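**Q** Below: one structure in structure tokens.
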Protein chains: 2
Amino acid sequence: MNVRLRHDAIVRSLRRNGTSTIDTLAEEVGASRRTVLRDISALRDEGYVIHSDVGRGGGLQLDPQSIQTRAKLSVPEVFALLISVAAMRAAGNLPFAELADAGLAKIEKALPPDKVKDLRAFLECLHIGQLSPLQDLSDTGKMDPDLLSAFEAAFLNRHMIRFDYRDAKGRKTRREVEPQAMLILPPLWYLVGWDPARGDFRHFRMDRISTPEALSGTTFRRRHVPFEDDVCPYSALTP
Amino acid sequence: MNVRLRHDAIVRSLRRNGTSTIDTLAEEVGASRRTVLRDISALRDEGYVIHSDVGRGGGLQLDPQSIQTRAKLSVPEVFALLISVAAMRAAGNLPFAELADAGLAKIEKALPPDKVKDLRAFLECLHIGQLSPLQDLSDTGKMDPDLLSAFEAAFLNRHMIRFDYRDAKGRKTRREVEPQAMLILPPLWYLVGWDPARGDFRHFRMDRISTPEALSGTTFRRRHVPFEDDVCPYSALTP
DNA sequence: CAAATGGTGCCATATTTTGGCACTATTTCG
DNA sequence: CGAAATAGTGCCAAAATATGGCACCATTTG
């Protein structure tokens, strides 16, 4: 039997039985006592907390808190999770934020080093604040699902971004802007772009953007984005 | 060299070079052509998308979108991430929600089956709505970090929960309630408990709860929690 | 056509994992 | 106390697995 499968079988068995002796485990998974002992040691190295009591009535016990998933996530998925948690905690008073952060920190540690750099660059563009309660939210629409990949490419590689925009009065325009920052005023999200044609910053509500596209041939330099005092850039999770 | 390390080395090399031939890779990682071919095949099985072109000028190319992390998360961390994303998306209009969901679905698939059942039971208790803009948020405090583990145990095993509560007027009481639901009105979180002593439901703001403790000897039955119409129970991510 | 590339099957060899055994240390039961 | 039950370690031969080399095939490019 495969090592991986045997480890899983041992964990399952420990979870089911509460307490098991090494010999019981060995019989259950069809391996020798010696091998099970080696597996236990390996599981401990992996982070599983397994208590042991020697003597009559003793045995092994798995701490259920220490059970770990080993999900494989793609980089955009990690970005999305991170943004969600960051936005939520900024929206105020997220319980369990420490745990969510700990999870994200682990995920971040598992990323390739240059992706971590990308992640931090992305987070630097993220500004979070509180929306005025007077804002009319009645026409809030759905976000274009292509936004994240277009934005990821645009922010990370300093590409300009082109999209169709429908403003509050329903007028449609085609825009080409430098994506300088992302502003989150829950539940609304804005792209803060420098519009070269107009020589000024413009805020675009994300749910009014359609057919976004990063212009891979272009680059731009970062500008100082004038934010009000109560809007602060998001500080990265792990310092 | 270790298989794991060699796989990592191959991925790194592919990421750095853009296009590599098998022979270049073999030289770089110090293995034979045959072994590198086997490794490429294994990486593809793991989910890496590697394009190949035969003929002069051909070679291998790694699709950067397919790079995966393999973080190991504990179960409470998964709960915390899930709650964060669920709450955020309910708070309105979370961009990239699909991606975050996809990530969570993967994580959920990697959980042991009984933990998935727990997760769903937990989510059934989660009700999410919109806070009235008139609510005074000035005295919002920090959540007790022990809340999640106490709540997890209490919700999943139907244990009563005991805690100290400080109400809006600053009066402190000690409570023992059945945790029937969790109500999220961002940015505030409430425990909805049936108080047997008072024979009625009570709402407790989570940031006013301290020293929570699941009473492991007790159980209770689920009651119908009277929610207003605009508060809906959170529906699990993967159907 | 020849050269450059990815890809497969086979087999002997190198490496790693496994099982068995002897042994130690600790606890519990009678 | 002594015997039994338990976890844990070190060592070595045997079993299993990974590796490298080779011959070979298919496709593309010049």
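Identifiers in the structure tokens: chain A, B, ... in order shown; residue index from 1 per chain; ligand index from 1 in order shown.
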Please tabulate, as CSV, the residues of chain B that come within 9 Å of chain C, each with its closest pair of atoms and the distance in Å to one decimal, counting only C-alpha atoms (C1' of nucleotides) and ordering rows by chain, then residue number upward.
**A**
```
residue,atom,partner,partner_atom,distance
B:Thr21,CA,C:DT5,C1',7.8
B:Ile22,CA,C:DG6,C1',8.2
B:Leu37,CA,C:DG7,C1',8.1
B:Ser52,CA,C:DG6,C1',7.1
B:Asp53,CA,C:DG6,C1',7.1
B:Val54,CA,C:DT5,C1',4.6
B:Gly55,CA,C:DT5,C1',4.2
B:Arg56,CA,C:DA4,C1',4.6
B:Gly57,CA,C:DT5,C1',7.6
B:Gly58,CA,C:DT5,C1',6.0
B:Gly59,CA,C:DT5,C1',6.9
B:Leu60,CA,C:DG6,C1',8.7
```
**Q** Determine, counting only C-alpha atoms (C1' of nucleotides), which protein, DNA and RNA residues have an atom within 7 Å of an atom of Ile161 (chain A); residues of the same chain fewer than 4 positions away are not included. Present the result as a PyMOL selection string.
**A** chain A and resi 154+176-179+212-215
**Q** Taking only C-alpha atoms (C1' of nucleotides) into account, which of B:Ile10, B:Ala102, B:Ala153, B:Val36 comes nearest chain D?
**A**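 Among the listed residues, B:Val36 lies closest to chain D.
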**Q** Extract, using only C-alpha atoms (C1' of nucleotides), all DNA, RNA and protein residues at most 12 Å from Leu73 (chain B), discarding same-chain residues fewer than 2 positions from it, and format them as a VMD selection string.
**A** (chain A and resid 46 to 48 65 to 73 99 to 110) or (chain B and resid 69 to 71 75 to 81 104 107 to 108 110 to 111)
**Q** Show me, as an MDAnalysis selection string, the residues that have an atom within 10 Å of Phe122 (chain B) when counting only C-alpha atoms (C1' of nucleotides), minus same-chain residues fewer than 6 positions from it.
**A** chainID B and resid 79 83 116 151:152 154:156 181:182 234 236
**Q** Can I get the selection written as a PDB file, in the first residue's frame, with N, CA, C and O atoms?
**A**
```pdb
ATOM      1  N   PHE B  79     -12.685  26.919   8.666  1.00  0.00           N
ATOM      2  CA  PHE B  79     -13.938  27.519   9.123  1.00  0.00           C
ATOM      3  C   PHE B  79     -13.850  29.034   9.044  1.00  0.00           C
ATOM      4  O   PHE B  79     -14.753  29.702   8.545  1.00  0.00           O
ATOM      5  N   ILE B  83     -16.177  31.406   6.740  1.00  0.00           N
ATOM      6  CA  ILE B  83     -17.079  32.395   7.325  1.00  0.00           C
ATOM      7  C   ILE B  83     -16.768  33.783   6.782  1.00  0.00           C
ATOM      8  O   ILE B  83     -17.663  34.552   6.449  1.00  0.00           O
ATOM      9  N   VAL B 116     -16.708  17.833   6.790  1.00  0.00           N
ATOM     10  CA  VAL B 116     -17.557  18.524   5.825  1.00  0.00           C
ATOM     11  C   VAL B 116     -18.978  18.586   6.369  1.00  0.00           C
ATOM     12  O   VAL B 116     -19.644  19.619   6.294  1.00  0.00           O
ATOM     13  N   PHE B 151     -17.478  28.191  20.100  1.00  0.00           N
ATOM     14  CA  PHE B 151     -18.679  28.137  19.267  1.00  0.00           C
ATOM     15  C   PHE B 151     -18.693  26.903  18.400  1.00  0.00           C
ATOM     16  O   PHE B 151     -19.732  26.273  18.221  1.00  0.00           O
ATOM     17  N   GLU B 152     -17.524  26.585  17.836  1.00  0.00           N
ATOM     18  CA  GLU B 152     -17.457  25.409  16.976  1.00  0.00           C
ATOM     19  C   GLU B 152     -17.936  24.202  17.759  1.00  0.00           C
ATOM     20  O   GLU B 152     -18.848  23.488  17.341  1.00  0.00           O
ATOM     21  N   ALA B 154     -19.668  24.094  20.491  1.00  0.00           N
ATOM     22  CA  ALA B 154     -21.052  24.221  20.952  1.00  0.00           C
ATOM     23  C   ALA B 154     -22.044  23.954  19.811  1.00  0.00           C
ATOM     24  O   ALA B 154     -22.981  23.176  19.963  1.00  0.00           O
ATOM     25  N   PHE B 155     -21.826  24.566  18.658  1.00  0.00           N
ATOM     26  CA  PHE B 155     -22.756  24.402  17.539  1.00  0.00           C
ATOM     27  C   PHE B 155     -22.755  22.967  17.040  1.00  0.00           C
ATOM     28  O   PHE B 155     -23.808  22.380  16.785  1.00  0.00           O
ATOM     29  N   LEU B 156     -21.574  22.407  16.886  1.00  0.00           N
ATOM     30  CA  LEU B 156     -21.480  21.105  16.232  1.00  0.00           C
ATOM     31  C   LEU B 156     -21.974  19.987  17.124  1.00  0.00           C
ATOM     32  O   LEU B 156     -22.607  19.050  16.670  1.00  0.00           O
ATOM     33  N   ALA B 181     -28.263  29.952  16.599  1.00  0.00           N
ATOM     34  CA  ALA B 181     -27.891  30.518  15.302  1.00  0.00           C
ATOM     35  C   ALA B 181     -26.862  31.629  15.491  1.00  0.00           C
ATOM     36  O   ALA B 181     -26.619  32.089  16.609  1.00  0.00           O
ATOM     37  N   MET B 182     -26.269  32.007  14.383  1.00  0.00           N
ATOM     38  CA  MET B 182     -25.332  33.112  14.379  1.00  0.00           C
ATOM     39  C   MET B 182     -25.878  34.114  13.375  1.00  0.00           C
ATOM     40  O   MET B 182     -26.218  33.746  12.255  1.00  0.00           O
ATOM     41  N   TYR B 234     -27.416  31.330   5.358  1.00  0.00           N
ATOM     42  CA  TYR B 234     -26.369  31.212   4.362  1.00  0.00           C
ATOM     43  C   TYR B 234     -26.432  29.845   3.702  1.00  0.00           C
ATOM     44  O   TYR B 234     -26.488  28.828   4.365  1.00  0.00           O
ATOM     45  N   ALA B 236     -24.848  26.813   1.606  1.00  0.00           N
ATOM     46  CA  ALA B 236     -23.487  26.271   1.491  1.00  0.00           C
ATOM     47  C   ALA B 236     -22.914  26.548   0.104  1.00  0.00           C
ATOM     48  O   ALA B 236     -23.633  26.682  -0.871  1.00  0.00           O
TER      49      ALA B 236
END
```
**Q** What is the CA of Val29 (chain A) to CA of Arg4 (chain A) distance in Å?
**A**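 Atom-to-atom, CA of Val29 (chain A) and CA of Arg4 (chain A) are spaced 11.9 Å apart.
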**Q** In Å, with one decimal, what is the gap from C1' of DA3 (chain D) to CA of Asp23 (chain A)?
**A** 19.9 Å
**Q** Using only C-alpha atoms (C1' of nucleotides), which chain D residues lie at most 7 Å away from chain A, written as a PyMOL selection string?
**A** chain D and resi 5-7
**Q** Store the residues of this selection in a file with all heavy atoms, as an mmCIF file, in the first residue's frame.
**A**
```cif
data_model
loop_
_atom_site.group_PDB
_atom_site.id
_atom_site.type_symbol
_atom_site.label_atom_id
_atom_site.label_comp_id
_atom_site.auth_asym_id
_atom_site.auth_seq_id
_atom_site.Cartn_x
_atom_site.Cartn_y
_atom_site.Cartn_z
ATOM 1 P P DA D 5 -0.484 -9.147 28.224
ATOM 2 O OP1 DA D 5 -1.862 -9.667 28.086
ATOM 3 O OP2 DA D 5 0.627 -9.721 27.446
ATOM 4 O "O5'" DA D 5 -0.518 -7.588 27.934
ATOM 5 C "C5'" DA D 5 -1.273 -6.745 28.787
ATOM 6 C "C4'" DA D 5 -0.870 -5.306 28.540
ATOM 7 O "O4'" DA D 5 0.429 -5.058 29.127
ATOM 8 C "C3'" DA D 5 -0.737 -4.927 27.055
ATOM 9 O "O3'" DA D 5 -1.490 -3.759 26.814
ATOM 10 C "C2'" DA D 5 0.748 -4.690 26.857
ATOM 11 C "C1'" DA D 5 1.176 -4.260 28.250
ATOM 12 N N9 DA D 5 2.600 -4.466 28.529
ATOM 13 C C8 DA D 5 3.334 -5.595 28.335
ATOM 14 N N7 DA D 5 4.604 -5.475 28.690
ATOM 15 C C5 DA D 5 4.693 -4.176 29.159
ATOM 16 C C6 DA D 5 5.762 -3.430 29.674
ATOM 17 N N6 DA D 5 6.998 -3.915 29.812
ATOM 18 N N1 DA D 5 5.519 -2.157 30.045
ATOM 19 C C2 DA D 5 4.275 -1.677 29.902
ATOM 20 N N3 DA D 5 3.183 -2.286 29.431
ATOM 21 C C4 DA D 5 3.464 -3.541 29.071
ATOM 22 P P DT D 6 -2.063 -3.445 25.350
ATOM 23 O OP1 DT D 6 -3.313 -2.698 25.541
ATOM 24 O OP2 DT D 6 -2.012 -4.663 24.522
ATOM 25 O "O5'" DT D 6 -0.945 -2.474 24.788
ATOM 26 C "C5'" DT D 6 -1.086 -1.105 25.013
ATOM 27 C "C4'" DT D 6 0.235 -0.453 25.315
ATOM 28 O "O4'" DT D 6 1.186 -1.296 26.006
ATOM 29 C "C3'" DT D 6 1.072 -0.048 24.105
ATOM 30 O "O3'" DT D 6 0.479 1.004 23.393
ATOM 31 C "C2'" DT D 6 2.336 0.391 24.842
ATOM 32 C "C1'" DT D 6 2.370 -0.523 26.070
ATOM 33 N N1 DT D 6 3.564 -1.397 26.118
ATOM 34 C C2 DT D 6 4.733 -0.847 26.606
ATOM 35 O O2 DT D 6 4.834 0.292 26.999
ATOM 36 N N3 DT D 6 5.806 -1.704 26.614
ATOM 37 C C4 DT D 6 5.816 -3.007 26.188
ATOM 38 O O4 DT D 6 6.848 -3.682 26.249
ATOM 39 C C5 DT D 6 4.561 -3.511 25.678
ATOM 40 C C7 DT D 6 4.484 -4.926 25.171
ATOM 41 C C6 DT D 6 3.502 -2.687 25.665
ATOM 42 P P DA D 7 1.031 1.441 21.972
ATOM 43 O OP1 DA D 7 -0.023 2.241 21.357
ATOM 44 O OP2 DA D 7 1.521 0.221 21.298
ATOM 45 O "O5'" DA D 7 2.272 2.379 22.282
ATOM 46 C "C5'" DA D 7 2.052 3.608 22.977
ATOM 47 C "C4'" DA D 7 3.382 4.300 23.236
ATOM 48 O "O4'" DA D 7 4.263 3.389 23.934
ATOM 49 C "C3'" DA D 7 4.111 4.719 21.972
ATOM 50 O "O3'" DA D 7 4.623 6.035 22.133
ATOM 51 C "C2'" DA D 7 5.218 3.696 21.818
ATOM 52 C "C1'" DA D 7 5.480 3.258 23.249
ATOM 53 N N9 DA D 7 5.885 1.848 23.319
ATOM 54 C C8 DA D 7 5.151 0.761 22.963
ATOM 55 N N7 DA D 7 5.773 -0.385 23.136
ATOM 56 C C5 DA D 7 7.009 -0.026 23.648
ATOM 57 C C6 DA D 7 8.138 -0.773 24.037
ATOM 58 N N6 DA D 7 8.192 -2.107 23.966
ATOM 59 N N1 DA D 7 9.201 -0.107 24.507
ATOM 60 C C2 DA D 7 9.137 1.233 24.575
ATOM 61 N N3 DA D 7 8.139 2.048 24.242
ATOM 62 C C4 DA D 7 7.095 1.358 23.774
#
```
